[in-house]
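Comments concern the structure below.
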Amino acid sequence: DSRGPGEGLPTLTVTTILEDPYVMVRSAELEGYCIDLLKALAAMLHFSYKVKVVGDGQYGAVSSTGNWTGMIGEILRQEADIAVAPLTVTSAREEVVSFTTPFLQTGIGILLRKDTVSQEMSFFHFLAPFSKETWTGLLFAYVLTCFCLFLVARLSPCEWNEPKNEENHFTFLNSLWFGAGALALQGVTPRPKALSVRVIAAVWWLFTIALLAAYIANFTALLSSGSEQLPIQTFEDLVKQRKLEFGTLAGSSTFYYFKNSKNPIHQMIYEYMDKRRDHVLVKTYQEAVQRVLESNYAFIGESISQDLAAARHCDLIRAPEVIGARGFGIATTQASLWTKKLSVAVLKLRESGDLDYLRNKWWETSCLHKSRERWSPLQPQALGGLFLTLAIGLALGVIAAVVELSNKSRHAAGHVKKSCCSVFTEEMCTRLRIKENTRQSQETSGRANA
């Protein structure tokens, strides 16, 4: 269409309300999210428009006389064709006017000050990087590896020359000390000689290096994200704690949402606010933000407004849970032909990413946000491959020790002219009961001397 923006195009009268960042007055002109949205819709649907701010400064509710106030009233009286504003789609409004598909989703959230909700470090904070299951797995891996070291060192011929007359260096206590030294990256004795013992030692060293790297990385992440830890993630968390007071706008739709909700958690929140209504309920949104900034207070209110407050004040943050999902829609008269067209245009803007662009543009923040998800302890599944490698290494070490012992037994069987199996069994019994045999030989020699 080659016609100009106003030439020959239908003109719509648009009512709106002044609210940051939807509609604001800058240099005698209106700008904001809703103005940008209106420009985009006008370009798509080829209409011109005339914007006027609602006369009574209201959104739209039924007055005591039974008439509608605010922007809804202006639509009904045909003083305006459409209302483009942060106007919540409700059942009562939908009965008298028509709404388009919502252009912005919102709900009820919790606004908090960061330092009031940062997690206090426990006395055993150094254990936090791993979960209990991971620590249990590590302890089990350590004891099993040390036992395998002890067993393999006894089975392997290379670890001693005369099993009947000398003590093996890898006693169980020495094996535990060797494993602990490796876990702390300290070189300790005894030093392994046999290939089988070295295989187990090497795979344990590999395991400990990877484990320490995971521990240090997770511990660093835990310390640096300490200020972002929110013990208050949900409304249930808010009810359970005693450190923060919480409230909402007096007489707001949020207050009545909790009053009418059948959810027991929501009922507890309503009872808390109702009992302390003079103390915890605030009169204006600005007062609420100021109170959150200056005291131990959590504000329950519209999530999208809280996102704006968090973008403007770097000390504020919104908890993740949002309830009572609702949307802002464009209101038209019930007989209007524009409702369907505007709904389709809003959907096209959402699908093209334009609505996300506008959201980011007007909710832009100067705060440095670290894009880190909520920190959690490292689970055993994340280290599953590491534990599997250790298990394979231990099995290879035991197999290598058995092969070394069987080779020696085969050579010995040729000299003493016994079967290989009987020599192997004797060798194994000698190594596994070395202390008992040594004691018996000492007692025998003692009696002979006597």
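Residues in the structure tokens are named by chain (A, B, ... in the order shown) and by number from 1 within that chain; ligands are numbered from 1 in the order shown.
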
Next on the checklist: DSSP on the backbone: which residues in segment 208-428 of chain A end up as helix (DSSP H, G or I)? Give the answer as a ChimeraX atom specification.
Outcome noted: /A:208-224,226-228,235-240,253-260,264-275,277-280,285-294,303-312,338-351,354-362,380-416,420-428

Checklist entry - Can you list, as a ChimeraX atom specification, every protein, DNA or RNA residue that comes within 7 Å of Glu302 of chain A when you count only C-alpha atoms, leaving out same-chain residues fewer than 4 positions away? => result /A:106-109,306

Item to check | Members of segment 83-222 of chain A assigned strand (DSSP E) by DSSP, as JSON, numbers by chain | outcome: {"A": [83, 98, 99, 104, 105, 106, 107, 108, 109, 110, 111, 112, 113]}

Selected residues written out, N, CA, C and O atoms, as a PDB file, in the first residue's frame:
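Okay, this is what ended up in part17.pdb:
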ATOM      1  N   ALA A  83      -8.120  -0.019  23.733  1.00  0.00           N
ATOM      2  CA  ALA A  83      -7.261   0.352  24.877  1.00  0.00           C
ATOM      3  C   ALA A  83      -5.981  -0.467  24.784  1.00  0.00           C
ATOM      4  O   ALA A  83      -6.022  -1.705  24.824  1.00  0.00           O
ATOM      5  N   SER A  98     -14.309  -6.939  24.613  1.00  0.00           N
ATOM      6  CA  SER A  98     -13.563  -8.065  24.041  1.00  0.00           C
ATOM      7  C   SER A  98     -12.078  -7.802  24.186  1.00  0.00           C
ATOM      8  O   SER A  98     -11.627  -6.651  24.072  1.00  0.00           O
ATOM      9  N   PHE A  99     -11.323  -8.873  24.424  1.00  0.00           N
ATOM     10  CA  PHE A  99      -9.873  -8.757  24.539  1.00  0.00           C
ATOM     11  C   PHE A  99      -9.197  -9.552  23.424  1.00  0.00           C
ATOM     12  O   PHE A  99      -9.699 -10.606  23.004  1.00  0.00           O
ATOM     13  N   LEU A 104       1.422  -9.789  26.688  1.00  0.00           N
ATOM     14  CA  LEU A 104       2.423  -9.896  27.752  1.00  0.00           C
ATOM     15  C   LEU A 104       1.860 -10.770  28.862  1.00  0.00           C
ATOM     16  O   LEU A 104       0.717 -10.587  29.276  1.00  0.00           O
ATOM     17  N   GLN A 105       2.642 -11.752  29.293  1.00  0.00           N
ATOM     18  CA  GLN A 105       2.205 -12.653  30.369  1.00  0.00           C
ATOM     19  C   GLN A 105       2.773 -12.178  31.703  1.00  0.00           C
ATOM     20  O   GLN A 105       3.918 -11.737  31.772  1.00  0.00           O
ATOM     21  N   THR A 106       1.966 -12.277  32.731  1.00  0.00           N
ATOM     22  CA  THR A 106       2.434 -11.896  34.065  1.00  0.00           C
ATOM     23  C   THR A 106       1.806 -12.841  35.091  1.00  0.00           C
ATOM     24  O   THR A 106       1.172 -13.822  34.725  1.00  0.00           O
ATOM     25  N   GLY A 107       1.999 -12.563  36.354  1.00  0.00           N
ATOM     26  CA  GLY A 107       1.470 -13.401  37.425  1.00  0.00           C
ATOM     27  C   GLY A 107       1.802 -12.758  38.759  1.00  0.00           C
ATOM     28  O   GLY A 107       2.118 -11.567  38.832  1.00  0.00           O
ATOM     29  N   ILE A 108       1.757 -13.547  39.817  1.00  0.00           N
ATOM     30  CA  ILE A 108       2.073 -13.037  41.162  1.00  0.00           C
ATOM     31  C   ILE A 108       3.416 -13.614  41.586  1.00  0.00           C
ATOM     32  O   ILE A 108       3.605 -14.837  41.568  1.00  0.00           O
ATOM     33  N   GLY A 109       4.345 -12.738  41.938  1.00  0.00           N
ATOM     34  CA  GLY A 109       5.690 -13.162  42.335  1.00  0.00           C
ATOM     35  C   GLY A 109       6.091 -12.565  43.677  1.00  0.00           C
ATOM     36  O   GLY A 109       5.328 -11.836  44.314  1.00  0.00           O
ATOM     37  N   ILE A 110       7.321 -12.876  44.092  1.00  0.00           N
ATOM     38  CA  ILE A 110       7.853 -12.388  45.376  1.00  0.00           C
ATOM     39  C   ILE A 110       9.095 -11.551  45.096  1.00  0.00           C
ATOM     40  O   ILE A 110      10.057 -12.047  44.490  1.00  0.00           O
ATOM     41  N   LEU A 111       9.066 -10.297  45.532  1.00  0.00           N
ATOM     42  CA  LEU A 111      10.219  -9.407  45.373  1.00  0.00           C
ATOM     43  C   LEU A 111      11.001  -9.361  46.686  1.00  0.00           C
ATOM     44  O   LEU A 111      10.428  -9.149  47.755  1.00  0.00           O
ATOM     45  N   LEU A 112      12.320  -9.595  46.583  1.00  0.00           N
ATOM     46  CA  LEU A 112      13.175  -9.690  47.773  1.00  0.00           C
ATOM     47  C   LEU A 112      14.421  -8.829  47.610  1.00  0.00           C
ATOM     48  O   LEU A 112      14.807  -8.499  46.486  1.00  0.00           O
ATOM     49  N   ARG A 113      15.047  -8.498  48.723  1.00  0.00           N
ATOM     50  CA  ARG A 113      16.367  -7.872  48.672  1.00  0.00           C
ATOM     51  C   ARG A 113      17.414  -8.969  48.767  1.00  0.00           C
ATOM     52  O   ARG A 113      17.295  -9.880  49.580  1.00  0.00           O
TER      53      ARG A 113
END

Checklist entry - Leaving out segment 329-345 of chain A and any residue of its chain fewer than 6 positions from it, which residues lie within 12 Å of it when counting only C-alpha atoms, given as a VMD selection string? => result chain A and resid 10 to 16 34 37 to 47 59 to 60 71 to 90 93 to 106 351 to 352 354 to 355
